[in-house]
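A.B. asks: To be precise about what I am sending: the file is called protein14.cif and holds mmCIF, C-alpha atoms.
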```cif
data_run
#
loop_
_atom_site.label_atom_id
_atom_site.label_comp_id
_atom_site.auth_asym_id
_atom_site.auth_seq_id
_atom_site.Cartn_x
_atom_site.Cartn_y
_atom_site.Cartn_z
CA MET A 110 0.00 0.00 0.00
CA ILE A 111 2.85 2.38 0.85
CA LYS A 112 4.42 1.73 -2.54
CA ASN A 113 1.14 2.57 -4.27
CA LEU A 114 0.89 5.81 -2.32
CA LEU A 115 4.45 6.74 -3.28
CA LYS A 116 3.50 6.41 -6.95
CA TYR A 117 1.03 9.22 -6.42
CA ARG A 118 3.04 11.32 -3.95
CA GLU A 119 1.96 14.58 -5.57
CA LEU A 120 -1.69 13.65 -5.10
CA LEU A 121 -0.93 12.53 -1.56
CA LEU A 122 0.85 15.81 -0.82
CA ALA A 123 -2.09 17.77 -2.21
CA VAL A 124 -4.46 15.83 0.07
CA VAL A 125 -2.20 16.50 3.07
CA ILE A 126 -2.20 20.23 2.31
CA VAL A 127 -6.00 20.30 2.04
CA LEU A 128 -6.34 18.38 5.32
CA MET A 129 -3.93 20.77 7.03
CA VAL A 130 -5.89 23.80 5.83
CA LEU A 131 -9.21 22.26 6.90
CA GLY A 132 -7.76 21.19 10.25
CA VAL A 133 -6.51 24.67 11.07
CA GLY A 134 -9.73 26.12 9.68
CA ALA A 135 -11.73 24.02 12.14
CA ARG A 136 -9.96 25.86 14.94
CA SER A 137 -9.93 29.26 13.26
CA PRO A 138 -12.62 29.61 10.53
CA GLU A 139 -11.12 32.81 9.12
CA PHE A 140 -8.04 30.78 8.14
CA ILE A 141 -9.97 29.12 5.28
CA GLY A 142 -11.56 32.35 4.08
CA ALA A 143 -10.98 33.20 0.43
CA GLY A 144 -9.09 36.38 1.31
CA ASN A 145 -6.73 34.59 3.68
CA LEU A 146 -6.08 31.76 1.20
CA LEU A 147 -5.20 34.28 -1.52
CA GLU A 148 -2.94 36.13 0.90
CA MET A 149 -1.28 32.83 1.85
CA PHE A 150 -0.57 32.07 -1.80
CA ASN A 151 0.75 35.60 -2.26
CA ASP A 152 3.06 35.15 0.75
CA THR A 153 4.38 31.91 -0.77
CA SER A 154 4.87 33.30 -4.29
CA ILE A 155 8.55 34.20 -3.88
CA LEU A 156 9.30 30.75 -2.44
CA ILE A 157 7.51 29.15 -5.40
CA ILE A 158 9.60 31.08 -7.94
CA LEU A 159 12.86 30.32 -6.15
CA ALA A 160 11.95 26.64 -5.77
CA LEU A 161 11.40 26.43 -9.54
CA GLY A 162 14.97 27.65 -10.08
CA GLN A 163 16.34 25.24 -7.49
CA MET A 164 14.40 22.38 -9.07
CA MET A 165 16.12 22.88 -12.44
CA VAL A 166 19.52 22.74 -10.72
CA LEU A 167 18.57 19.62 -8.76
CA LEU A 168 17.41 17.94 -11.97
CA THR A 169 21.02 18.10 -13.22
CA LYS A 170 22.31 16.61 -9.95
CA GLY A 171 23.49 19.97 -8.62
CA ILE A 172 22.39 22.28 -5.82
CA ASP A 173 22.37 26.08 -5.52
CA LEU A 174 22.81 27.31 -1.95
CA SER A 175 23.55 30.88 -3.10
CA MET A 176 20.02 31.73 -4.26
CA ALA A 177 19.06 33.64 -1.11
CA ALA A 178 22.35 35.59 -1.16
CA ASN A 179 21.84 36.29 -4.87
CA LEU A 180 18.36 37.61 -4.02
CA ALA A 181 19.72 39.79 -1.23
CA LEU A 182 22.51 41.28 -3.35
CA THR A 183 20.35 42.08 -6.39
CA GLY A 184 17.68 43.47 -4.07
CA MET A 185 20.19 45.75 -2.34
CA ILE A 186 21.57 46.98 -5.67
CA VAL A 187 18.18 47.95 -7.10
CA ALA A 188 17.15 49.47 -3.74
CA LEU A 189 20.28 51.64 -3.70
CA ILE A 190 19.72 52.71 -7.30
CA ASN A 191 16.10 53.56 -6.54
CA PHE A 192 17.18 55.55 -3.46
CA HIS A 193 19.74 57.64 -5.37
CA HIS A 194 17.84 57.82 -8.67
CA PRO A 195 14.10 57.50 -7.95
CA ASP A 196 13.22 58.72 -11.46
CA ILE A 197 14.55 55.52 -13.09
CA PRO A 198 11.57 53.39 -14.27
CA VAL A 199 10.80 50.43 -12.02
CA TRP A 200 10.58 48.00 -14.95
CA SER A 201 14.20 48.75 -15.84
CA LEU A 202 15.23 47.91 -12.26
CA VAL A 203 13.34 44.61 -12.52
CA VAL A 204 15.24 43.80 -15.73
CA LEU A 205 18.54 44.83 -14.13
CA ALA A 206 17.90 42.62 -11.08
CA THR A 207 17.12 39.65 -13.34
CA VAL A 208 20.24 40.17 -15.48
CA LEU A 209 22.48 40.59 -12.43
CA GLY A 210 21.03 37.40 -10.97
CA LEU A 211 21.68 35.59 -14.25
CA ILE A 212 25.32 36.75 -14.21
CA MET A 213 25.79 35.46 -10.66
CA GLY A 214 24.17 32.17 -11.64
CA ALA A 215 26.48 31.97 -14.66
CA ILE A 216 29.51 32.38 -12.37
CA ASN A 217 28.32 29.41 -10.34
CA GLY A 218 27.70 27.40 -13.49
CA LEU A 219 31.11 28.13 -15.00
CA LEU A 220 32.92 27.15 -11.81
CA VAL A 221 31.01 23.86 -11.76
CA TRP A 222 31.23 23.15 -15.49
CA LYS A 223 34.68 24.39 -16.50
CA VAL A 224 36.64 24.20 -13.25
CA GLY A 225 34.99 21.04 -11.97
CA ILE A 226 34.28 22.22 -8.42
CA PRO A 227 31.33 20.43 -6.75
CA PRO A 228 28.14 22.56 -6.83
CA ILE A 229 27.71 22.57 -3.05
CA VAL A 230 31.25 23.92 -2.56
CA VAL A 231 30.87 26.57 -5.27
CA THR A 232 27.54 27.89 -4.04
CA LEU A 233 28.59 27.89 -0.38
CA GLY A 234 31.55 30.04 -1.40
CA THR A 235 29.61 32.45 -3.62
CA MET A 236 26.90 32.70 -0.96
CA SER A 237 29.47 34.19 1.44
CA ILE A 238 30.97 36.38 -1.28
CA TYR A 239 27.60 37.87 -2.25
CA ARG A 240 26.77 38.60 1.40
CA GLY A 241 30.13 40.32 1.77
CA ILE A 242 29.51 42.47 -1.31
CA ILE A 243 26.18 43.57 0.17
CA PHE A 244 27.99 44.81 3.27
CA LEU A 245 30.54 46.71 1.17
CA LEU A 246 27.84 48.36 -0.94
CA SER A 247 25.66 49.36 1.98
CA ASN A 248 28.35 49.90 4.63
CA GLY A 249 26.21 47.71 6.84
CA GLY A 250 23.29 50.12 6.59
CA TRP A 251 19.62 49.66 5.73
CA ILE A 252 17.41 51.00 2.97
CA ASN A 253 13.96 51.54 4.46
CA ALA A 254 10.49 52.11 3.00
CA HIS A 255 10.68 55.91 3.25
CA GLN A 256 13.86 55.82 1.14
CA MET A 257 12.16 53.93 -1.70
CA SER A 258 9.91 55.48 -4.32
CA PRO A 259 6.15 54.77 -4.25
CA ASP A 260 6.32 53.09 -7.67
CA PHE A 261 9.12 50.81 -6.48
CA LEU A 262 7.03 49.65 -3.54
CA SER A 263 3.61 49.47 -5.19
CA LEU A 264 4.26 47.33 -8.29
CA PRO A 265 4.07 43.84 -6.66
CA ARG A 266 1.04 44.98 -4.65
CA ALA A 267 -0.94 46.19 -7.67
CA PRO A 268 -4.12 44.06 -7.89
CA PHE A 269 -5.15 42.22 -11.05
CA LEU A 270 -8.28 40.06 -11.11
CA GLY A 271 -8.30 40.01 -7.32
CA LEU A 272 -4.69 38.85 -6.93
CA PRO A 273 -1.61 41.07 -6.47
CA LEU A 274 0.95 41.04 -9.27
CA LEU A 275 3.34 39.20 -6.96
CA GLY A 276 1.01 36.20 -7.06
CA TRP A 277 0.66 36.47 -10.83
CA CYS A 278 4.46 36.45 -11.15
CA ALA A 279 4.49 33.03 -9.49
CA ILE A 280 1.71 31.75 -11.76
CA VAL A 281 3.50 32.95 -14.91
CA ALA A 282 6.78 31.42 -13.69
CA LEU A 283 5.04 28.08 -13.10
CA ILE A 284 3.60 28.10 -16.63
CA LEU A 285 6.85 29.11 -18.31
CA VAL A 286 9.02 26.59 -16.44
CA ALA A 287 6.47 23.80 -17.02
CA TYR A 288 6.43 24.56 -20.76
CA PHE A 289 10.24 24.80 -20.88
CA LEU A 290 10.80 21.46 -19.16
CA ARG A 291 8.12 19.60 -21.08
CA TYR A 292 8.36 20.93 -24.63
CA SER A 293 11.86 22.35 -25.16
CA ARG A 294 14.86 20.22 -26.08
CA THR A 295 17.00 21.90 -23.43
CA GLY A 296 14.37 21.35 -20.74
CA ARG A 297 14.15 17.64 -21.51
CA ALA A 298 17.95 17.46 -21.62
CA LEU A 299 18.10 18.67 -18.00
CA TYR A 300 16.29 15.49 -16.95
CA THR A 301 18.56 13.28 -19.05
CA ALA A 302 21.77 14.95 -17.85
CA GLY A 303 20.88 14.40 -14.21
CA GLY A 304 19.12 11.08 -14.54
CA ASN A 305 21.66 9.16 -16.61
CA ALA A 306 24.96 10.82 -17.51
CA THR A 307 25.99 7.83 -19.67
CA ALA A 308 22.83 7.99 -21.76
CA ALA A 309 23.23 11.76 -21.99
CA TYR A 310 26.76 11.36 -23.33
CA TYR A 311 25.75 8.88 -26.02
CA THR A 312 22.86 11.08 -27.13
CA GLY A 313 25.12 14.11 -27.50
CA ILE A 314 24.02 15.94 -24.32
CA ASN A 315 26.79 17.74 -22.45
CA ALA A 316 25.90 17.22 -18.77
CA GLY A 317 28.21 20.02 -17.65
CA LYS A 318 26.63 22.47 -20.07
CA MET A 319 23.17 21.52 -18.80
CA GLN A 320 24.30 22.27 -15.26
CA PHE A 321 25.59 25.64 -16.44
CA ILE A 322 22.23 26.45 -18.04
CA SER A 323 20.35 25.40 -14.92
CA PHE A 324 22.50 27.66 -12.74
CA CYS A 325 21.90 30.57 -15.13
CA LEU A 326 18.15 30.04 -14.91
CA SER A 327 18.15 29.69 -11.12
CA GLY A 328 20.28 32.83 -10.84
CA ALA A 329 17.94 34.81 -13.10
CA LEU A 330 14.91 33.78 -11.04
CA ALA A 331 16.75 34.64 -7.80
CA GLY A 332 17.65 38.06 -9.18
CA PHE A 333 14.06 38.68 -10.23
CA CYS A 334 12.94 37.72 -6.73
CA GLY A 335 15.50 40.18 -5.34
CA TYR A 336 13.31 43.06 -6.48
CA LEU A 337 10.11 41.28 -5.44
CA TRP A 338 11.41 40.58 -1.93
CA ILE A 339 12.69 44.11 -1.26
CA SER A 340 9.57 45.80 -2.61
CA ARG A 341 7.33 43.30 -0.80
CA PHE A 342 8.92 43.80 2.63
CA ALA A 343 10.10 47.39 2.00
CA VAL A 344 13.55 46.96 3.50
CA ALA A 345 17.02 46.04 2.24
CA TYR A 346 19.94 45.03 4.48
CA VAL A 347 22.79 42.52 4.65
CA ASP A 348 20.84 39.64 6.19
CA VAL A 349 17.81 39.77 3.90
CA ALA A 350 16.54 36.19 3.32
CA ASN A 351 19.37 34.81 5.46
CA GLY A 352 18.82 31.05 5.77
CA PHE A 353 16.02 31.08 3.20
CA GLU A 354 18.02 28.72 0.98
CA LEU A 355 17.02 25.92 3.38
CA GLN A 356 13.34 26.69 2.76
CA ILE A 357 13.96 26.61 -0.98
CA VAL A 358 15.64 23.20 -0.89
CA ALA A 359 12.99 21.94 1.51
CA ALA A 360 10.18 22.95 -0.86
CA CYS A 361 11.82 20.97 -3.67
CA VAL A 362 12.55 17.87 -1.60
CA ILE A 363 9.06 17.82 -0.07
CA GLY A 364 7.64 18.16 -3.58
CA GLY A 365 9.40 14.99 -4.73
CA ILE A 366 12.37 16.48 -6.60
CA SER A 367 15.22 14.03 -6.21
CA THR A 368 18.54 15.30 -4.90
CA MET A 369 20.16 12.61 -7.06
CA GLY A 370 18.96 14.29 -10.25
CA GLY A 371 16.60 13.50 -13.12
CA ILE A 372 13.32 13.30 -11.16
CA GLY A 373 10.86 16.04 -10.33
CA SER A 374 7.93 18.06 -11.63
CA VAL A 375 6.64 21.61 -11.53
CA VAL A 376 3.46 20.42 -9.80
CA GLY A 377 5.50 18.76 -7.07
CA CYS A 378 7.61 21.90 -6.69
CA LEU A 379 4.46 24.00 -6.30
CA LEU A 380 2.96 21.64 -3.75
CA GLY A 381 6.18 21.53 -1.72
CA ALA A 382 6.26 25.33 -1.52
CA LEU A 383 2.56 25.50 -0.63
CA PHE A 384 3.09 22.89 2.09
CA LEU A 385 5.71 25.07 3.76
CA GLY A 386 3.56 28.15 3.19
CA VAL A 387 0.64 26.53 4.98
CA ILE A 388 2.87 25.45 7.89
CA ASN A 389 4.38 28.92 8.28
CA ASN A 390 0.95 30.57 8.24
CA ALA A 391 -0.73 27.94 10.42
CA LEU A 392 1.74 27.88 13.31
CA PRO A 393 0.73 31.28 14.73
CA VAL A 394 -2.95 30.34 14.39
CA ILE A 395 -2.55 27.15 16.41
CA GLU A 396 -0.28 29.00 18.84
CA VAL A 397 2.90 27.11 18.08
CA SER A 398 6.11 29.07 18.63
CA PRO A 399 7.75 30.20 15.36
CA PHE A 400 11.03 28.86 16.76
CA TRP A 401 9.63 25.41 15.99
CA GLN A 402 9.32 26.21 12.28
CA MET A 403 12.87 25.13 11.43
CA ALA A 404 12.55 21.96 13.52
CA ILE A 405 9.26 21.05 11.84
CA SER A 406 10.66 21.84 8.39
CA GLY A 407 13.76 19.75 9.10
CA ALA A 408 11.70 16.77 10.23
CA VAL A 409 9.52 17.04 7.13
CA ILE A 410 12.63 17.16 4.90
CA VAL A 411 14.04 13.98 6.45
CA ILE A 412 10.72 12.18 6.02
CA ALA A 413 10.38 13.47 2.44
CA VAL A 414 13.88 12.29 1.50
CA ILE A 415 13.14 8.81 2.86
CA LEU A 416 9.86 8.64 0.95
CA ASN A 417 11.48 9.98 -2.23
CA GLU A 418 14.25 7.42 -2.12
CA ARG A 419 11.66 4.66 -1.79
CA GLY A 420 9.43 6.12 -4.46
CA ASN A 421 12.13 7.01 -6.97
CA LYS A 422 13.43 3.47 -7.49
CA ARG A 423 13.83 3.20 -11.20
CA LYS A 424 12.29 0.21 -12.91
CA GLY A 425 13.76 -1.73 -15.77
CA ARG A 426 17.33 -2.28 -16.89
CA LEU A 427 20.01 0.16 -17.89
CA ILE A 428 20.66 -0.06 -21.62
CA LEU A 429 24.01 1.68 -21.34
CA ARG A 430 26.35 0.65 -18.58
CA HIS A 431 29.66 2.12 -17.56
CA SER A 432 32.75 0.45 -18.92
CA PRO A 433 36.34 1.35 -18.09
CA SER A 434 36.76 3.15 -21.44
CA VAL A 435 33.51 5.06 -21.08
CA HIS A 436 34.37 6.01 -17.50
CA ALA A 437 37.72 7.33 -18.60
CA SER A 438 36.63 9.40 -21.61
CA GLY A 439 32.86 9.45 -21.53
CA PRO A 440 30.29 11.51 -19.75
CA GLU A 441 32.45 12.43 -16.78
CA SER A 442 35.14 14.00 -18.93
CA GLU A 443 32.50 15.51 -21.20
CA ALA A 444 30.82 17.14 -18.19
CA ARG A 445 34.11 18.82 -17.31
CA SER A 446 34.93 19.89 -20.84
#
```
As a first step, turn the structure in this file into structure tokens.

C.D. replies:
Amino acid sequence: MIKNLLKYRELLLAVVIVLMVLGVGARSPEFIGAGNLLEMFNDTSILIILALGQMMVLLTKGIDLSMAANLALTGMIVALINFHHPDIPVWSLVVLATVLGLIMGAINGLLVWKVGIPPIVVTLGTMSIYRGIIFLLSNGGWINAHQMSPDFLSLPRAPFLGLPLLGWCAIVALILVAYFLRYSRTGRALYTAGGNATAAYYTGINAGKMQFISFCLSGALAGFCGYLWISRFAVAYVDVANGFELQIVAACVIGGISTMGGIGSVVGCLLGALFLGVINNALPVIEVSPFWQMAISGAVIVIAVILNERGNKRKGRLILRHSPSVHASGPESEARS
């Protein structure tokens, strides 16, 4: 029975989320009100977008721990520009944040692809570097709401069809990433590169290049979220989103994205983020200390990893197996080339 449930883990996760919402709603009816549910989705929108970027990196058997620092740095840069030059159009700052994030993601990708440094080591290093740059740019100071222009602050809050633009950004990101992974050659290659490097090599897919592309995409999404985060919370400082990278990884793992690469879906990513969003919003309602949030999230991650490893057992036989010659000059060397 457990194996059958694992086959439908996304459906199971969706049921768990609904039961959680209804359970908290039984104690506090306003929790399941339409307005509160929309606000909860809006609060989770940035996590959803970041989790989509992390998912693409995980698909290639990598990990990006610098996303939160990327977000903080791009957010500080556009906040400083807006403070000193409030006449610059907000849309240009959004584009700048996205491009800067892409560049930082590309740095990660090049270090992994061309230099051959493990992704976790690269992104731990760049995470510290980006935080240090924030301190140098700001001299350890803050940019507060009264130092930001009204247009800079109001854009993500602008309503459209009853939902703020911040929520619509998450919906558009979900659609675009789902289309990219399902219908584009590069998107499908991300799965192949992470799922079976040998098969990827023999089908002409450069696994290292796919990792580079995934880091570029995750960096661009993190940079885009840099503006969204700063304008949403109306403050920029060194420790913005500090530790949020754990929430991002947790959303992916809970949603069924394998840390071993090649397995995961946009729906699972969305559900994982919503699961954490419901927990974070429900704890104050049921009077649980917020200090328990990390402990609860950590326990859920461990359980999710165990379930994923049981549910992600691949069936069938490998058509291509490693041989000494392939191991020496095949996909591993191709990934580093």

A.B. asks: Tell me, as an mmCIF file with C-alpha atoms, in the coordinates of the input, which residues lie within 7 Å of region 151-156 of chain A, counting only C-alpha atoms; anything in the same chain fewer than 6 positions away does not count.

C.D. replies:
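Just written: part_35.cif:
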```
data_model
loop_
_atom_site.group_PDB
_atom_site.id
_atom_site.type_symbol
_atom_site.label_atom_id
_atom_site.label_comp_id
_atom_site.auth_asym_id
_atom_site.auth_seq_id
_atom_site.Cartn_x
_atom_site.Cartn_y
_atom_site.Cartn_z
ATOM 1 C CA LEU A 275 3.340 39.200 -6.960
ATOM 2 C CA GLY A 276 1.010 36.200 -7.060
ATOM 3 C CA ALA A 279 4.490 33.030 -9.490
ATOM 4 C CA CYS A 334 12.940 37.720 -6.730
ATOM 5 C CA ILE A 357 13.960 26.610 -0.980
ATOM 6 C CA ALA A 382 6.260 25.330 -1.520
ATOM 7 C CA LEU A 383 2.560 25.500 -0.630
ATOM 8 C CA GLY A 386 3.560 28.150 3.190
#
```

A.B. asks: Tell me, as number ranges by chain, which residues lie within 10 Å of region 367-378 of chain A, counting only C-alpha atoms; anything in the same chain fewer than 2 positions away does not count.

C.D. replies: A: 118-120, 122-123, 156-172, 283-284, 286-288, 290-291, 297-306, 357-365, 380-384, 413-414, 417-418, 420-421

A.B. asks: Restricting the calculation to only C-alpha atoms: of A:Leu337, A:Leu264, A:Ile197, A:Met319, which residue gets closest to Gly218 (chain A)?

C.D. replies: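 Looking at the shortest contact to Gly218 (chain A), the residue is A:Met319.
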
A.B. asks: Just how far from CA of Ile141 (chain A) is CA of Leu262 (chain A), in Å to one decimal?

C.D. replies: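 Pair CA of Leu262 (chain A) / CA of Ile141 (chain A) returns 28.1 Å.
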
A.B. asks: Under the rule that all atoms listed in the file are counted, which of A:Val133, A:Ala215, A:Ala267, A:Leu189 is the nearest residue to Arg341 (chain A)?

C.D. replies: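 The closest residue to Arg341 (chain A) is A:Ala267.
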
A.B. asks: Could you pull out every residue with an atom within 12 Å of (28.7, 34.4, -0.8), file coordinates, counting all atoms listed in the file, and send them as a PyMOL selection string?

C.D. replies: chain A and resi 173-182+213-214+216-217+230-244+347-348+351

A.B. asks: Expanded to explicit residues, what is the PyMOL selection byres ((chain A and resi 336) around 10) for this file, as an NGL selection string?

C.D. replies: :A and (180-188 or 199 or 202-207 or 261-262 or 265 or 331-335 or 337-341 or 345)

A.B. asks: Print the selection's residues with C-alpha atoms to a file, as a PDB file, keeping the file's coordinate frame.

C.D. replies:
```
ATOM      1  CA  LEU A 180      18.360  37.610  -4.020  1.00  0.00           C
ATOM      2  CA  ALA A 181      19.720  39.790  -1.230  1.00  0.00           C
ATOM      3  CA  LEU A 182      22.510  41.280  -3.350  1.00  0.00           C
ATOM      4  CA  THR A 183      20.350  42.080  -6.390  1.00  0.00           C
ATOM      5  CA  GLY A 184      17.680  43.470  -4.070  1.00  0.00           C
ATOM      6  CA  MET A 185      20.190  45.750  -2.340  1.00  0.00           C
ATOM      7  CA  ILE A 186      21.570  46.980  -5.670  1.00  0.00           C
ATOM      8  CA  VAL A 187      18.180  47.950  -7.100  1.00  0.00           C
ATOM      9  CA  ALA A 188      17.150  49.470  -3.740  1.00  0.00           C
ATOM     10  CA  VAL A 199      10.800  50.430 -12.020  1.00  0.00           C
ATOM     11  CA  LEU A 202      15.230  47.910 -12.260  1.00  0.00           C
ATOM     12  CA  VAL A 203      13.340  44.610 -12.520  1.00  0.00           C
ATOM     13  CA  VAL A 204      15.240  43.800 -15.730  1.00  0.00           C
ATOM     14  CA  LEU A 205      18.540  44.830 -14.130  1.00  0.00           C
ATOM     15  CA  ALA A 206      17.900  42.620 -11.080  1.00  0.00           C
ATOM     16  CA  THR A 207      17.120  39.650 -13.340  1.00  0.00           C
ATOM     17  CA  PHE A 261       9.120  50.810  -6.480  1.00  0.00           C
ATOM     18  CA  LEU A 262       7.030  49.650  -3.540  1.00  0.00           C
ATOM     19  CA  PRO A 265       4.070  43.840  -6.660  1.00  0.00           C
ATOM     20  CA  ALA A 331      16.750  34.640  -7.800  1.00  0.00           C
ATOM     21  CA  GLY A 332      17.650  38.060  -9.180  1.00  0.00           C
ATOM     22  CA  PHE A 333      14.060  38.680 -10.230  1.00  0.00           C
ATOM     23  CA  CYS A 334      12.940  37.720  -6.730  1.00  0.00           C
ATOM     24  CA  GLY A 335      15.500  40.180  -5.340  1.00  0.00           C
ATOM     25  CA  LEU A 337      10.110  41.280  -5.440  1.00  0.00           C
ATOM     26  CA  TRP A 338      11.410  40.580  -1.930  1.00  0.00           C
ATOM     27  CA  ILE A 339      12.690  44.110  -1.260  1.00  0.00           C
ATOM     28  CA  SER A 340       9.570  45.800  -2.610  1.00  0.00           C
ATOM     29  CA  ARG A 341       7.330  43.300  -0.800  1.00  0.00           C
ATOM     30  CA  ALA A 345      17.020  46.040   2.240  1.00  0.00           C
TER      31      ALA A 345
END
```

A.B. asks: Output region 160-180 of chain A as a compact mmCIF listing (two decimals), in the coordinates of the input, making sure N, CA and C atoms are there.

C.D. replies:
```
# COMPACT_ATOMS: atom_id res chain seq x y z
N ALA A 160 11.93 28.10 -5.74
CA ALA A 160 11.95 26.64 -5.77
C ALA A 160 11.98 26.12 -7.21
N LEU A 161 11.35 26.83 -8.13
CA LEU A 161 11.40 26.43 -9.54
C LEU A 161 12.84 26.49 -10.05
N GLY A 162 13.56 27.55 -9.69
CA GLY A 162 14.97 27.65 -10.08
C GLY A 162 15.81 26.56 -9.46
N GLN A 163 15.59 26.31 -8.17
CA GLN A 163 16.34 25.24 -7.49
C GLN A 163 16.03 23.89 -8.10
N MET A 164 14.78 23.66 -8.48
CA MET A 164 14.40 22.38 -9.07
C MET A 164 15.20 22.09 -10.33
N MET A 165 15.39 23.10 -11.19
CA MET A 165 16.12 22.88 -12.44
C MET A 165 17.58 22.53 -12.16
N VAL A 166 18.16 23.10 -11.09
CA VAL A 166 19.52 22.74 -10.72
C VAL A 166 19.57 21.32 -10.17
N LEU A 167 18.61 20.97 -9.33
CA LEU A 167 18.57 19.62 -8.76
C LEU A 167 18.36 18.57 -9.84
N LEU A 168 17.63 18.90 -10.88
CA LEU A 168 17.41 17.94 -11.97
C LEU A 168 18.73 17.51 -12.62
N THR A 169 19.72 18.41 -12.62
CA THR A 169 21.02 18.10 -13.22
C THR A 169 22.00 17.53 -12.20
N LYS A 170 21.50 17.17 -11.03
CA LYS A 170 22.31 16.61 -9.95
C LYS A 170 23.23 17.65 -9.33
N GLY A 171 22.76 18.89 -9.29
CA GLY A 171 23.49 19.97 -8.62
C GLY A 171 22.68 20.50 -7.46
N ILE A 172 23.13 21.59 -6.87
CA ILE A 172 22.39 22.28 -5.82
C ILE A 172 22.90 23.72 -5.78
N ASP A 173 22.01 24.66 -5.55
CA ASP A 173 22.37 26.08 -5.52
C ASP A 173 22.02 26.65 -4.15
N LEU A 174 23.02 26.77 -3.29
CA LEU A 174 22.81 27.31 -1.95
C LEU A 174 23.02 28.83 -1.91
N SER A 175 23.28 29.44 -3.06
CA SER A 175 23.55 30.88 -3.10
C SER A 175 22.32 31.68 -3.54
N MET A 176 21.18 31.03 -3.73
CA MET A 176 20.02 31.73 -4.26
C MET A 176 19.55 32.86 -3.35
N ALA A 177 19.51 32.61 -2.04
CA ALA A 177 19.06 33.64 -1.11
C ALA A 177 20.05 34.81 -1.08
N ALA A 178 21.35 34.52 -1.13
CA ALA A 178 22.35 35.59 -1.16
C ALA A 178 22.28 36.36 -2.47
N ASN A 179 22.05 35.65 -3.57
CA ASN A 179 21.84 36.29 -4.87
C ASN A 179 20.66 37.26 -4.78
N LEU A 180 19.56 36.79 -4.22
CA LEU A 180 18.36 37.61 -4.02
C LEU A 180 18.69 38.86 -3.20
```
